[in-house]
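Notes to accompany the following structure.
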Amino acid sequence: MKRLQKQTLIGMRDQLGGYAWDDAEISELVDPRLGIITGFQDLLDQLEVLRKVDLESTPPAADIATP
Amino acid sequence: MTDSLSFASIGEITESLRNGEISALQLVDLYAHRIDRYAEVSKAFIAVDLERAREKAAAIDAEFDASRALNGVPYACKDLFDVEGMATTGGSRVLADNVASRDAESVRRLDRAGAIFIGKNNLHEFAYGATGENLIYGTPPNPYDKTRLAGGSSSGSAAALGYGLCVAALGTDTGGSVRAPAALCGLVGFKPTFGRISTEGVIPYSWSLDHVGTLTRSAADCARLFAILDSRPAVTPSVALTGQRIGIPETFFFEHADSEILDSLDRLMNFLRAAGASLKPVPMPSMEFTRSVSLTVQMPEALSYHNRYLEQRGELYSQDFRAGLALGQCLLAEQYIRAKRFIETYRRDMQAAFAEVDALLTPATPVIAPPIGAVELTTDGHTEPAGNAITRYTSFFNMTGHPAITLPCGLHSAGLPMAAQLVGRHHDDQTLIETARLIEESYDFELPFPTLD
C-alpha cells in the first residue's frame, strides 16, 4: 500500500461528497500535529493488516443477547 | 453539620435524612455552598440548578417518603444528559443553546426514586478524549493533586465527587470515560452490560460503544444507583468471595504499567486468595490492534451524529475534535464493517474465557493521574499519548460489552489513588457489583479523603 497523500484526501472531499474540511484539517490527517488522534497513516497500516485476517463468516457485532 | 458530610456515601446520607439528623434542604445548601466555594478550582460544573434542587428538597422534607430509595440524595450528571429546561451543551460551544424539552431516561429514573438533580458536569468536548481537557469550560484537576488531571471524558463528574460537591454522578463510558476518571480520583466507576442502562436523552458519541455509567464513593452506592437505573427487573445475587473464580489476563493488562499499581494488584490478589477465591490465568485475544478497531468504529459514528451541526456551526467545534471527525469521513465503509466483525470475534473470545471464570481482574489504569498538559506518557519503556494510556485497560470492554467496575485499591507514593478493575459476564451486573462490594467491605487499604485547602 502506498503512503497516503494529502491530494488523495482532497480528491475524496471534492469528489465523493461530505463535509468540506479545510486543507489544514486534511493536512492534520496526513501529518498529525495535535497529538490527540492516532495518525491516519498508522491507522490505515493497521487496518491493512487486519484486512488480511480471514474472519470467515463472522458477522458484525450487534446487540448483546439477553439470557 | 460539617464538611465531612460532603464526602458521605448514599447510605450514610439516606440514613441521616431518615433519622431527621439533616433535612434535604440543608443537604442541598451544603453542596450549594461547596459548589460555589470550589467552582473556580474544581471546574466540575458547567451549569447548576439550585433553585430546582431547593424546591424538590423542600417538597421531600414536607412529606418524607422513606420508601423511595434515593429520597433527598443530591446528584449531578455529565452535560451530555438532557434535563428539561436546561441546555445540554456536550461541553461545547456548538450546543450552547440546545435546551432540552424533557429529561433523559436515567434522569427520569433517578428523579422518580427521589434523588435531587443539582447540576451538569464538565467533560471533554462531546466525550472525545480521556484527558478531560476542555478549552471552553476549563480542565478539572485531580482532587488529590491540582497539577494532575481528573481524567475523562467524565472529568467534571469525577471532580464533583472528588471535591465533595455531590453524592453521586452519571457519566458516559465509550472507552473508559467513567471508569478511568473514577480510578484516577479514588472513586468507584461502573459501566453496565451494553444497553443495560438506557442512553435515551444522552448525546451520543459512538452508538455501538456508548454506555451510561455511574461514579460513586463506594460499590455499595453503585448498587443503589444501578438498582434504579437498570432497565431489567431487580435481582438480588447471592455472592461470596469464597469459591469465586477470578481470571487474571495472561497478556496485555499487566504490561507496561506503573510498578506500584502492579504491586497494589498483587496485594489485592493475595487478599482474594486468602478470602477463598481461586485465581487463574486467562488467555486473552490479541490486543495489538484493538485501539484501531475501536477508533474505526468511533469516528464514523461520531461524524454521522455531528454531521447535522457541521454545516452551520462547524467552526465552533474544537480543533482536535474536528480532526477526529475528518478522519471519520475518510475511512471506508468496509473498514468500519470489518472493525465491527473484529469486535464480534473479541466478544466470542471473551465469552469463552468467561466459561472458566466468574470475573476478570485487571488494573484500572496503567498510570496514576497524569500531569495536566501531558501529551505523551512513558511507562515501563512504553510511550503513548496520555489519553491512550488512561484508557488502555478499559476500552476493550466497551467493544465486548461486558460490565466492568473500577474500585480504589491504594494510594501511590505520589499521593494519588490507584485502582483495580473487575469485569463480569454479560448481564451479570449485580453479581459484579456485589463482588466489588464484598472486596470493599473487607479489603483493608489506605486511601484518605483528598486535602482540598
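Going by the C-alpha cells order, chains are called A, B, ..., each with residues numbered from 1, while ligands are numbered from 1 in the order shown.
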I need the residues in range 234-320 of chain B that are strand (DSSP E) according to DSSP; give them as number ranges by chain. B: 245-249, 278-282
Let's have the selection written as a PDB file, in the first residue's frame, with C-alpha atoms.
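File part22.pdb, as written:
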ATOM      1  CA  ARG B 245     -13.110 -17.901  40.185  1.00  0.00           C
ATOM      2  CA  ILE B 246     -11.171 -14.773  39.291  1.00  0.00           C
ATOM      3  CA  GLY B 247      -9.407 -14.689  35.942  1.00  0.00           C
ATOM      4  CA  ILE B 248      -6.091 -12.891  35.589  1.00  0.00           C
ATOM      5  CA  PRO B 249      -5.361 -11.959  31.951  1.00  0.00           C
ATOM      6  CA  SER B 278      -9.313 -19.061  43.192  1.00  0.00           C
ATOM      7  CA  LEU B 279      -7.194 -17.048  40.782  1.00  0.00           C
ATOM      8  CA  LYS B 280      -6.478 -18.462  37.402  1.00  0.00           C
ATOM      9  CA  PRO B 281      -4.599 -17.181  34.353  1.00  0.00           C
ATOM     10  CA  VAL B 282      -6.838 -16.442  31.378  1.00  0.00           C
TER      11      VAL B 282
END
May I ask you to extract the residues of chain A within 8 Å of chain B, using only C-alpha atoms, and to give them as a tab-separated table (two decimals) with all heavy atoms, in the first residue's frame?
chain	number	residue	atom	x	y	z
A	9	LEU	N	-6.87	12.76	-0.22
A	9	LEU	CA	-7.97	13.13	0.67
A	9	LEU	C	-8.71	14.36	0.15
A	9	LEU	O	-9.94	14.47	0.28
A	9	LEU	CB	-7.45	13.38	2.09
A	9	LEU	CG	-6.81	12.16	2.77
A	9	LEU	CD1	-6.38	12.51	4.19
A	9	LEU	CD2	-7.76	10.98	2.79
A	12	MET	N	-11.01	13.02	-2.37
A	12	MET	CA	-12.18	12.39	-1.74
A	12	MET	C	-13.17	13.47	-1.30
A	12	MET	O	-14.37	13.34	-1.51
A	12	MET	CB	-11.74	11.57	-0.51
A	12	MET	CG	-11.08	10.26	-0.84
A	12	MET	SD	-10.52	9.40	0.66
A	12	MET	CE	-12.08	8.94	1.39
A	18	GLY	N	-19.69	15.05	1.17
A	18	GLY	CA	-19.41	15.10	2.60
A	18	GLY	C	-19.04	16.51	3.01
A	18	GLY	O	-19.06	17.44	2.20
A	19	TYR	N	-18.69	16.66	4.26
A	19	TYR	CA	-18.39	17.99	4.79
A	19	TYR	C	-17.08	18.52	4.19
A	19	TYR	O	-16.14	17.77	3.98
A	19	TYR	CB	-18.29	17.92	6.32
A	19	TYR	CG	-18.02	19.25	6.95
A	19	TYR	CD1	-18.99	20.26	6.94
A	19	TYR	CD2	-16.80	19.52	7.55
A	19	TYR	CE1	-18.74	21.49	7.52
A	19	TYR	CE2	-16.54	20.74	8.14
A	19	TYR	CZ	-17.51	21.73	8.12
A	19	TYR	OH	-17.26	22.95	8.69
A	21	TRP	N	-14.07	19.78	4.75
A	21	TRP	CA	-12.96	20.04	5.67
A	21	TRP	C	-11.95	20.94	4.99
A	21	TRP	O	-11.70	20.82	3.79
A	21	TRP	CB	-12.28	18.71	6.05
A	21	TRP	CG	-13.25	17.72	6.58
A	21	TRP	CD1	-13.78	16.65	5.91
A	21	TRP	CD2	-13.87	17.72	7.86
A	21	TRP	NE1	-14.68	15.99	6.70
A	21	TRP	CE2	-14.76	16.62	7.91
A	21	TRP	CE3	-13.76	18.54	8.99
A	21	TRP	CZ2	-15.53	16.33	9.03
A	21	TRP	CZ3	-14.53	18.24	10.11
A	21	TRP	CH2	-15.40	17.15	10.12
A	25	GLU	N	-7.06	20.88	7.98
A	25	GLU	CA	-7.56	19.69	8.67
A	25	GLU	C	-7.17	18.42	7.92
A	25	GLU	O	-6.88	17.39	8.53
A	25	GLU	CB	-9.08	19.79	8.84
A	25	GLU	CG	-9.44	20.80	9.91
A	25	GLU	CD	-10.89	21.23	9.85
A	25	GLU	OE1	-11.49	21.24	8.77
A	25	GLU	OE2	-11.42	21.57	10.92
A	26	ILE	N	-7.17	18.51	6.64
A	26	ILE	CA	-6.74	17.35	5.86
A	26	ILE	C	-5.24	17.13	6.05
A	26	ILE	O	-4.78	15.99	6.17
A	26	ILE	CB	-7.13	17.56	4.38
A	26	ILE	CG1	-8.66	17.42	4.30
A	26	ILE	CG2	-6.43	16.55	3.48
A	26	ILE	CD1	-9.25	17.57	2.94
A	28	GLU	N	-3.73	17.63	8.77
A	28	GLU	CA	-3.61	17.00	10.09
A	28	GLU	C	-3.72	15.48	9.98
A	28	GLU	O	-3.07	14.73	10.72
A	28	GLU	CB	-4.69	17.57	11.03
A	28	GLU	CG	-4.76	16.93	12.41
A	28	GLU	CD	-3.51	17.14	13.26
A	28	GLU	OE1	-2.75	18.07	12.96
A	28	GLU	OE2	-3.31	16.35	14.20
A	29	LEU	N	-4.53	15.03	9.04
A	29	LEU	CA	-4.69	13.58	8.87
A	29	LEU	C	-3.43	12.96	8.26
A	29	LEU	O	-3.07	11.82	8.57
A	29	LEU	CB	-5.90	13.28	7.97
A	29	LEU	CG	-7.27	13.68	8.53
A	29	LEU	CD1	-8.37	13.28	7.56
A	29	LEU	CD2	-7.50	13.02	9.88
A	34	LEU	N	-1.54	17.50	16.31
A	34	LEU	CA	-2.30	17.79	17.53
A	34	LEU	C	-2.04	16.76	18.62
A	34	LEU	O	-2.25	17.02	19.79
A	34	LEU	CB	-3.80	17.83	17.22
A	34	LEU	CG	-4.27	19.00	16.35
A	34	LEU	CD1	-5.74	18.85	16.01
A	34	LEU	CD2	-4.03	20.32	17.08
A	35	GLY	N	-1.60	15.58	18.26
A	35	GLY	CA	-1.27	14.58	19.26
A	35	GLY	C	-2.47	13.95	19.94
A	35	GLY	O	-2.35	13.31	20.97
A	36	ILE	N	-3.65	14.12	19.38
A	36	ILE	CA	-4.85	13.57	20.02
A	36	ILE	C	-5.24	12.26	19.36
A	36	ILE	O	-5.42	11.24	20.00
A	36	ILE	CB	-6.03	14.56	19.93
A	36	ILE	CG1	-5.66	15.90	20.56
A	36	ILE	CG2	-7.26	13.97	20.59
A	36	ILE	CD1	-5.41	15.85	22.03
A	37	ILE	N	-5.37	12.29	18.04
A	37	ILE	CA	-5.81	11.08	17.34
A	37	ILE	C	-4.60	10.28	16.86
A	37	ILE	O	-3.51	10.80	16.70
A	37	ILE	CB	-6.69	11.43	16.11
A	37	ILE	CG1	-5.92	12.31	15.14
A	37	ILE	CG2	-7.99	12.03	16.54
A	37	ILE	CD1	-6.61	12.47	13.81
A	40	PHE	N	-3.46	9.04	10.88
A	40	PHE	CA	-4.31	8.31	9.95
A	40	PHE	C	-3.51	7.26	9.19
A	40	PHE	O	-3.99	6.15	8.93
A	40	PHE	CB	-4.98	9.31	9.00
A	40	PHE	CG	-6.10	8.71	8.19
A	40	PHE	CD1	-6.92	7.72	8.70
A	40	PHE	CD2	-6.35	9.17	6.91
A	40	PHE	CE1	-7.96	7.19	7.95
A	40	PHE	CE2	-7.38	8.64	6.15
A	40	PHE	CZ	-8.19	7.65	6.67
A	43	LEU	N	-3.12	4.29	11.31
A	43	LEU	CA	-4.39	3.57	11.38
A	43	LEU	C	-4.62	2.76	10.11
A	43	LEU	O	-5.00	1.58	10.16
A	43	LEU	CB	-5.55	4.57	11.60
A	43	LEU	CG	-6.95	3.97	11.67
A	43	LEU	CD1	-7.08	3.03	12.85
A	43	LEU	CD2	-8.00	5.09	11.79
A	46	GLN	N	-2.53	-0.32	10.06
A	46	GLN	CA	-3.06	-1.38	10.93
A	46	GLN	C	-4.30	-2.02	10.30
A	46	GLN	O	-4.49	-3.24	10.36
A	46	GLN	CB	-3.38	-0.81	12.30
A	46	GLN	CG	-2.13	-0.31	13.02
A	46	GLN	CD	-2.32	-0.16	14.51
A	46	GLN	OE1	-3.37	-0.42	15.07
A	46	GLN	NE2	-1.26	0.29	15.18
A	47	LEU	N	-5.15	-1.20	9.71
A	47	LEU	CA	-6.36	-1.74	9.08
A	47	LEU	C	-6.00	-2.65	7.90
A	47	LEU	O	-6.70	-3.62	7.62
A	47	LEU	CB	-7.28	-0.61	8.64
A	47	LEU	CG	-7.93	0.19	9.78
A	47	LEU	CD1	-8.74	1.37	9.23
A	47	LEU	CD2	-8.82	-0.70	10.64
A	51	ARG	N	-7.14	-6.38	7.38
A	51	ARG	CA	-7.86	-6.78	6.17
A	51	ARG	C	-7.43	-8.17	5.71
A	51	ARG	O	-8.22	-8.91	5.11
A	51	ARG	CB	-7.59	-5.77	5.04
A	51	ARG	CG	-8.43	-5.99	3.79
A	51	ARG	CD	-8.12	-4.94	2.73
A	51	ARG	NE	-6.78	-5.08	2.18
A	51	ARG	CZ	-6.42	-5.96	1.23
A	51	ARG	NH1	-7.32	-6.79	0.73
A	51	ARG	NH2	-5.17	-6.02	0.78
A	55	LEU	N	-11.78	-13.63	8.48
A	55	LEU	CA	-12.78	-13.68	9.54
A	55	LEU	C	-13.88	-14.69	9.22
A	55	LEU	O	-14.90	-14.73	9.92
A	55	LEU	CB	-13.40	-12.29	9.76
A	55	LEU	CG	-12.45	-11.23	10.34
A	55	LEU	CD1	-13.12	-9.86	10.35
A	55	LEU	CD2	-12.01	-11.61	11.73
A	58	THR	N	-17.83	-14.53	10.15
A	58	THR	CA	-18.19	-13.77	11.35
A	58	THR	C	-18.97	-12.52	10.97
A	58	THR	O	-18.51	-11.71	10.17
A	58	THR	CB	-16.90	-13.33	12.10
A	58	THR	OG1	-16.10	-14.48	12.33
A	58	THR	CG2	-17.24	-12.65	13.41
A	59	PRO	N	-20.14	-12.33	11.55
A	59	PRO	CA	-20.92	-11.14	11.22
A	59	PRO	C	-20.45	-9.94	12.05
A	59	PRO	O	-19.71	-10.11	13.02
A	59	PRO	CB	-22.34	-11.54	11.65
A	59	PRO	CG	-22.11	-12.47	12.80
A	59	PRO	CD	-20.83	-13.21	12.51
A	60	PRO	N	-20.88	-8.74	11.71
A	60	PRO	CA	-20.57	-7.58	12.56
A	60	PRO	C	-21.23	-7.74	13.93
A	60	PRO	O	-22.30	-8.36	14.04
A	60	PRO	CB	-21.21	-6.40	11.80
A	60	PRO	CG	-21.45	-6.89	10.42
A	60	PRO	CD	-21.66	-8.36	10.52
A	61	ALA	N	-20.59	-7.19	14.96
A	61	ALA	CA	-21.17	-7.24	16.30
A	61	ALA	C	-22.50	-6.51	16.31
A	61	ALA	O	-22.64	-5.45	15.69
A	61	ALA	CB	-20.21	-6.60	17.30
A	62	ALA	N	-23.46	-7.09	17.00
A	62	ALA	CA	-24.76	-6.43	17.14
A	62	ALA	C	-25.05	-6.29	18.63
A	62	ALA	O	-24.12	-6.19	19.43
A	62	ALA	CB	-25.82	-7.25	16.43
A	63	ASP	N	-26.31	-6.28	19.01
A	63	ASP	CA	-26.65	-6.12	20.42
A	63	ASP	C	-26.18	-7.34	21.23
A	63	ASP	O	-25.99	-8.42	20.68
A	63	ASP	CB	-28.16	-5.95	20.59
A	63	ASP	CG	-28.58	-4.55	20.19
A	63	ASP	OD1	-27.70	-3.67	20.11
A	63	ASP	OD2	-29.77	-4.35	19.94
A	64	ILE	N	-26.06	-7.14	22.52
A	64	ILE	CA	-25.71	-8.25	23.41
A	64	ILE	C	-26.97	-9.07	23.65
A	64	ILE	O	-28.02	-8.52	24.02
A	64	ILE	CB	-25.19	-7.72	24.76
A	64	ILE	CG1	-24.02	-6.74	24.56
A	64	ILE	CG2	-24.83	-8.87	25.70
A	64	ILE	CD1	-22.76	-7.34	24.06
A	66	THR	N	-29.82	-11.21	25.23
A	66	THR	CA	-30.40	-11.28	26.58
A	66	THR	C	-30.57	-12.74	26.98
A	66	THR	O	-31.13	-13.51	26.20
A	66	THR	CB	-31.77	-10.59	26.57
A	66	THR	OG1	-31.59	-9.26	26.09
A	66	THR	CG2	-32.36	-10.55	27.97
A	67	PRO	N	-30.08	-13.12	28.16
A	67	PRO	CA	-30.20	-14.53	28.54
A	67	PRO	C	-31.66	-14.93	28.81
A	67	PRO	O	-32.46	-14.10	29.16
A	67	PRO	CB	-29.38	-14.62	29.83
A	67	PRO	CG	-29.28	-13.23	30.35
A	67	PRO	CD	-29.40	-12.32	29.18
Which of range 336-407 of chain B fall in alpha helix (DSSP H), as an MDAnalysis selection string: chainID B and resid 336:353 386:390 396:400
Give me the residues within 12 Å of Leu110 in chain B as a CSV table (one decimal) with all heavy atoms, in the first residue's frame, counting only C-alpha atoms and dropping any in the same chain fewer than 5 places off.
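So the final result, stored in result.csv, reads:
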chain,number,residue,atom,x,y,z
B,68,ARG,N,-38.8,5.6,49.0
B,68,ARG,CA,-38.1,6.0,47.8
B,68,ARG,C,-36.6,5.8,48.0
B,68,ARG,O,-36.0,6.5,48.9
B,68,ARG,CB,-38.5,7.4,47.3
B,68,ARG,CG,-39.9,7.4,46.9
B,68,ARG,CD,-40.2,8.5,45.9
B,68,ARG,NE,-40.0,9.8,46.4
B,68,ARG,CZ,-40.2,10.9,45.6
B,68,ARG,NH1,-40.6,10.8,44.4
B,68,ARG,NH2,-40.0,12.1,46.1
B,69,ALA,N,-35.9,5.0,47.2
B,69,ALA,CA,-34.6,4.5,47.6
B,69,ALA,C,-33.6,5.7,47.6
B,69,ALA,O,-32.6,5.6,48.4
B,69,ALA,CB,-34.1,3.5,46.5
B,70,LEU,N,-33.7,6.7,46.9
B,70,LEU,CA,-32.7,7.8,46.8
B,70,LEU,C,-33.3,9.1,47.3
B,70,LEU,O,-32.8,10.2,46.9
B,70,LEU,CB,-32.2,7.9,45.4
B,70,LEU,CG,-31.5,6.7,44.8
B,70,LEU,CD1,-31.1,6.9,43.3
B,70,LEU,CD2,-30.3,6.3,45.6
B,71,ASN,N,-34.3,9.0,48.1
B,71,ASN,CA,-35.0,10.3,48.6
B,71,ASN,C,-34.0,11.3,49.2
B,71,ASN,O,-33.4,11.0,50.2
B,71,ASN,CB,-36.1,9.9,49.6
B,71,ASN,CG,-37.3,10.7,49.4
B,71,ASN,OD1,-37.5,11.3,48.3
B,71,ASN,ND2,-38.2,10.7,50.3
B,72,GLY,N,-33.9,12.4,48.6
B,72,GLY,CA,-33.1,13.5,49.1
B,72,GLY,C,-31.6,13.5,48.8
B,72,GLY,O,-30.9,14.3,49.3
B,73,VAL,N,-31.2,12.5,47.9
B,73,VAL,CA,-29.8,12.4,47.6
B,73,VAL,C,-29.4,13.3,46.4
B,73,VAL,O,-29.9,13.1,45.3
B,73,VAL,CB,-29.5,10.9,47.2
B,73,VAL,CG1,-28.1,10.7,46.7
B,73,VAL,CG2,-29.8,10.0,48.4
B,74,PRO,N,-28.6,14.3,46.6
B,74,PRO,CA,-28.2,15.2,45.5
B,74,PRO,C,-27.2,14.5,44.6
B,74,PRO,O,-26.2,13.9,45.0
B,74,PRO,CB,-27.5,16.3,46.3
B,74,PRO,CG,-27.9,16.2,47.7
B,74,PRO,CD,-28.1,14.7,47.9
B,75,TYR,N,-27.5,14.6,43.3
B,75,TYR,CA,-26.6,14.0,42.3
B,75,TYR,C,-26.4,15.0,41.1
B,75,TYR,O,-27.1,16.0,41.0
B,75,TYR,CB,-27.1,12.7,41.8
B,75,TYR,CG,-28.2,12.9,40.8
B,75,TYR,CD1,-27.9,12.8,39.4
B,75,TYR,CD2,-29.5,13.2,41.1
B,75,TYR,CE1,-28.9,12.9,38.5
B,75,TYR,CE2,-30.5,13.3,40.2
B,75,TYR,CZ,-30.2,13.2,38.9
B,75,TYR,OH,-31.2,13.4,37.9
B,76,ALA,N,-25.4,14.7,40.3
B,76,ALA,CA,-25.1,15.6,39.1
B,76,ALA,C,-25.0,14.6,37.9
B,76,ALA,O,-24.9,13.4,38.1
B,76,ALA,CB,-23.8,16.3,39.3
B,77,CYS,N,-25.0,15.2,36.7
B,77,CYS,CA,-24.8,14.4,35.6
B,77,CYS,C,-23.9,15.1,34.5
B,77,CYS,O,-23.9,16.3,34.5
B,77,CYS,CB,-26.1,13.9,34.9
B,77,CYS,SG,-27.1,15.2,34.3
B,83,VAL,N,-31.7,17.4,30.6
B,83,VAL,CA,-32.5,17.8,31.8
B,83,VAL,C,-33.4,18.9,31.3
B,83,VAL,O,-33.0,19.9,30.8
B,83,VAL,CB,-31.6,18.3,33.0
B,83,VAL,CG1,-32.5,18.7,34.1
B,83,VAL,CG2,-30.7,17.1,33.4
B,103,ASP,N,-36.4,15.2,30.2
B,103,ASP,CA,-35.3,14.6,30.9
B,103,ASP,C,-34.9,13.3,30.1
B,103,ASP,O,-35.7,12.6,29.5
B,103,ASP,CB,-35.7,14.2,32.3
B,103,ASP,CG,-36.0,15.4,33.2
B,103,ASP,OD1,-35.5,16.5,32.9
B,103,ASP,OD2,-36.6,15.2,34.2
B,104,ALA,N,-33.6,13.0,30.2
B,104,ALA,CA,-33.1,11.7,29.8
B,104,ALA,C,-33.7,10.6,30.6
B,104,ALA,O,-34.1,10.9,31.8
B,104,ALA,CB,-31.5,11.7,29.9
B,105,GLU,N,-33.8,9.4,30.1
B,105,GLU,CA,-34.4,8.3,30.8
B,105,GLU,C,-33.7,8.1,32.2
B,105,GLU,O,-34.4,7.9,33.2
B,105,GLU,CB,-34.3,7.0,30.0
B,105,GLU,CG,-34.7,5.8,30.7
B,105,GLU,CD,-36.2,5.7,31.1
B,105,GLU,OE1,-37.0,6.5,30.6
B,105,GLU,OE2,-36.5,4.8,31.9
B,115,ALA,N,-34.1,11.2,44.1
B,115,ALA,CA,-32.8,11.9,44.0
B,115,ALA,C,-33.0,13.3,43.5
B,115,ALA,O,-34.0,13.6,42.8
B,115,ALA,CB,-31.8,11.2,43.1
B,116,ILE,N,-32.1,14.2,44.0
B,116,ILE,CA,-32.2,15.6,43.7
B,116,ILE,C,-31.1,16.0,42.7
B,116,ILE,O,-29.9,16.0,43.1
B,116,ILE,CB,-32.1,16.5,45.0
B,116,ILE,CG1,-33.3,16.1,45.9
B,116,ILE,CG2,-32.2,18.0,44.6
B,116,ILE,CD1,-33.2,16.8,47.3
B,117,PHE,N,-31.5,16.4,41.5
B,117,PHE,CA,-30.5,16.9,40.5
B,117,PHE,C,-30.0,18.2,40.9
B,117,PHE,O,-30.8,19.1,41.2
B,117,PHE,CB,-31.2,16.9,39.1
B,117,PHE,CG,-30.4,17.6,38.1
B,117,PHE,CD1,-29.3,17.0,37.5
B,117,PHE,CD2,-30.7,18.9,37.8
B,117,PHE,CE1,-28.6,17.7,36.6
B,117,PHE,CE2,-30.0,19.6,36.8
B,117,PHE,CZ,-28.9,19.0,36.2
B,168,ALA,N,-23.3,11.5,44.1
B,168,ALA,CA,-23.1,10.6,43.0
B,168,ALA,C,-23.2,11.3,41.7
B,168,ALA,O,-23.8,12.4,41.7
B,168,ALA,CB,-24.2,9.5,43.1
B,169,ALA,N,-22.8,10.7,40.7
B,169,ALA,CA,-22.9,11.4,39.4
B,169,ALA,C,-23.1,10.3,38.3
B,169,ALA,O,-22.6,9.2,38.4
B,169,ALA,CB,-21.6,12.2,39.1
B,170,LEU,N,-23.7,10.8,37.2
B,170,LEU,CA,-23.9,10.0,36.0
B,170,LEU,C,-22.8,10.4,35.0
B,170,LEU,O,-22.5,11.6,34.9
B,170,LEU,CB,-25.2,10.2,35.4
B,170,LEU,CG,-26.5,9.7,36.2
B,170,LEU,CD1,-27.7,10.1,35.4
B,170,LEU,CD2,-26.4,8.2,36.3
B,214,THR,N,-22.0,5.0,36.2
B,214,THR,CA,-22.1,5.8,37.4
B,214,THR,C,-20.8,6.0,38.1
B,214,THR,O,-19.9,5.2,38.0
B,214,THR,CB,-23.0,5.0,38.4
B,214,THR,OG1,-22.4,3.7,38.7
B,214,THR,CG2,-24.4,4.8,37.9
B,224,ARG,N,-26.8,0.7,44.7
B,224,ARG,CA,-28.1,1.5,45.0
B,224,ARG,C,-28.5,2.2,43.7
B,224,ARG,O,-29.7,2.3,43.3
B,224,ARG,CB,-27.9,2.5,46.1
B,224,ARG,CG,-27.7,1.9,47.5
B,224,ARG,CD,-27.6,2.9,48.5
B,224,ARG,NE,-27.5,2.3,49.9
B,224,ARG,CZ,-26.4,2.1,50.5
B,224,ARG,NH1,-25.2,2.4,49.9
B,224,ARG,NH2,-26.4,1.5,51.7
B,225,LEU,N,-27.6,2.8,43.0
B,225,LEU,CA,-27.9,3.6,41.8
B,225,LEU,C,-28.3,2.6,40.7
B,225,LEU,O,-29.3,2.9,39.9
B,225,LEU,CB,-26.7,4.4,41.3
B,225,LEU,CG,-26.4,5.7,41.9
B,225,LEU,CD1,-25.3,6.5,41.1
B,225,LEU,CD2,-27.6,6.6,42.0
B,226,PHE,N,-27.6,1.5,40.5
B,226,PHE,CA,-27.9,0.6,39.4
B,226,PHE,C,-29.2,0.0,39.6
B,226,PHE,O,-29.9,-0.3,38.6
B,226,PHE,CB,-26.8,-0.5,39.3
B,226,PHE,CG,-27.0,-1.4,38.1
B,226,PHE,CD1,-27.0,-0.9,36.8
B,226,PHE,CD2,-27.2,-2.7,38.3
B,226,PHE,CE1,-27.2,-1.7,35.7
B,226,PHE,CE2,-27.4,-3.6,37.2
B,226,PHE,CZ,-27.4,-3.1,35.9
B,227,ALA,N,-29.7,-0.2,40.8
B,227,ALA,CA,-31.0,-0.8,41.1
B,227,ALA,C,-32.1,0.1,40.5
B,227,ALA,O,-33.1,-0.4,40.1
B,227,ALA,CB,-31.2,-1.0,42.6
B,228,ILE,N,-31.8,1.4,40.5
B,228,ILE,CA,-32.8,2.3,39.9
B,228,ILE,C,-32.6,2.5,38.4
B,228,ILE,O,-33.6,2.6,37.7
B,228,ILE,CB,-32.6,3.7,40.6
B,228,ILE,CG1,-32.7,3.6,42.1
B,228,ILE,CG2,-33.5,4.8,40.0
B,228,ILE,CD1,-34.0,3.2,42.6
B,229,LEU,N,-31.4,2.5,37.9
B,229,LEU,CA,-31.1,2.8,36.5
B,229,LEU,C,-31.3,1.6,35.6
B,229,LEU,O,-31.5,1.7,34.4
B,229,LEU,CB,-29.7,3.3,36.4
B,229,LEU,CG,-29.4,4.6,37.0
B,229,LEU,CD1,-27.9,4.9,37.1
B,229,LEU,CD2,-30.1,5.8,36.3
B,230,ASP,N,-31.2,0.4,36.2
B,230,ASP,CA,-31.2,-0.9,35.4
B,230,ASP,C,-32.5,-1.0,34.6
B,230,ASP,O,-33.6,-0.8,35.2
B,230,ASP,CB,-31.0,-2.0,36.4
B,230,ASP,CG,-30.8,-3.4,35.6
B,230,ASP,OD1,-30.7,-3.4,34.4
B,230,ASP,OD2,-30.8,-4.4,36.3
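Non-sequential neighbours of Asp36 in chain B (distance at most 12 Å, separation of 5 or more positions within a chain, only C-alpha atoms) are Asp29, Leu30, Tyr31, Val41, Ser42, Lys43, Ala44, Phe45, Ala47, Val48, Leu50, Ala160, Tyr163, Gly164 and Leu165 of chain B.
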I need the chosen residues saved as a CSV table (one decimal), in the first residue's frame, with N, CA and C atoms.
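Heads up, here's the output in part_6.csv:
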chain,number,residue,atom,x,y,z
B,29,ASP,N,-28.2,22.9,50.5
B,29,ASP,CA,-27.5,24.1,50.8
B,29,ASP,C,-26.0,23.8,51.1
B,30,LEU,N,-25.7,22.7,51.7
B,30,LEU,CA,-24.3,22.3,52.0
B,30,LEU,C,-23.6,22.2,50.7
B,31,TYR,N,-24.2,21.4,49.7
B,31,TYR,CA,-23.5,21.2,48.4
B,31,TYR,C,-23.4,22.5,47.7
B,41,VAL,N,-11.7,26.3,41.3
B,41,VAL,CA,-10.6,25.3,41.3
B,41,VAL,C,-11.1,24.0,40.7
B,42,SER,N,-12.3,23.5,41.0
B,42,SER,CA,-12.7,22.2,40.5
B,42,SER,C,-13.1,22.1,39.0
B,43,LYS,N,-13.7,23.2,38.6
B,43,LYS,CA,-14.2,23.3,37.2
B,43,LYS,C,-15.1,22.1,36.9
B,44,ALA,N,-15.8,21.7,38.0
B,44,ALA,CA,-16.6,20.4,37.9
B,44,ALA,C,-18.0,20.6,37.2
B,45,PHE,N,-18.5,21.8,37.3
B,45,PHE,CA,-19.9,22.1,36.8
B,45,PHE,C,-19.9,23.0,35.6
B,47,ALA,N,-23.1,23.9,34.6
B,47,ALA,CA,-24.3,24.7,35.0
B,47,ALA,C,-24.9,24.0,36.2
B,48,VAL,N,-25.5,24.8,37.1
B,48,VAL,CA,-26.2,24.2,38.3
B,48,VAL,C,-27.6,24.8,38.3
B,50,LEU,N,-29.8,25.2,41.3
B,50,LEU,CA,-30.1,25.1,42.8
B,50,LEU,C,-31.5,25.5,43.1
B,160,ALA,N,-16.5,16.4,40.6
B,160,ALA,CA,-17.6,16.8,41.5
B,160,ALA,C,-17.7,15.9,42.8
B,163,TYR,N,-14.3,16.5,44.9
B,163,TYR,CA,-14.2,17.8,45.7
B,163,TYR,C,-15.4,17.9,46.7
B,164,GLY,N,-16.2,16.8,46.7
B,164,GLY,CA,-17.3,16.7,47.7
B,164,GLY,C,-18.4,17.7,47.3
B,165,LEU,N,-18.8,17.7,46.1
B,165,LEU,CA,-19.8,18.7,45.6
B,165,LEU,C,-21.2,18.0,45.3
Considering only C-alpha atoms, can you say which of B:Ile439, B:Asp380, B:Pro370, B:Gly189 comes closest to Ala274 in chain B?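 Going through B:Ile439, B:Asp380, B:Pro370, B:Gly189 one by one, the smallest distance to Ala274 in chain B is for B:Ile439.
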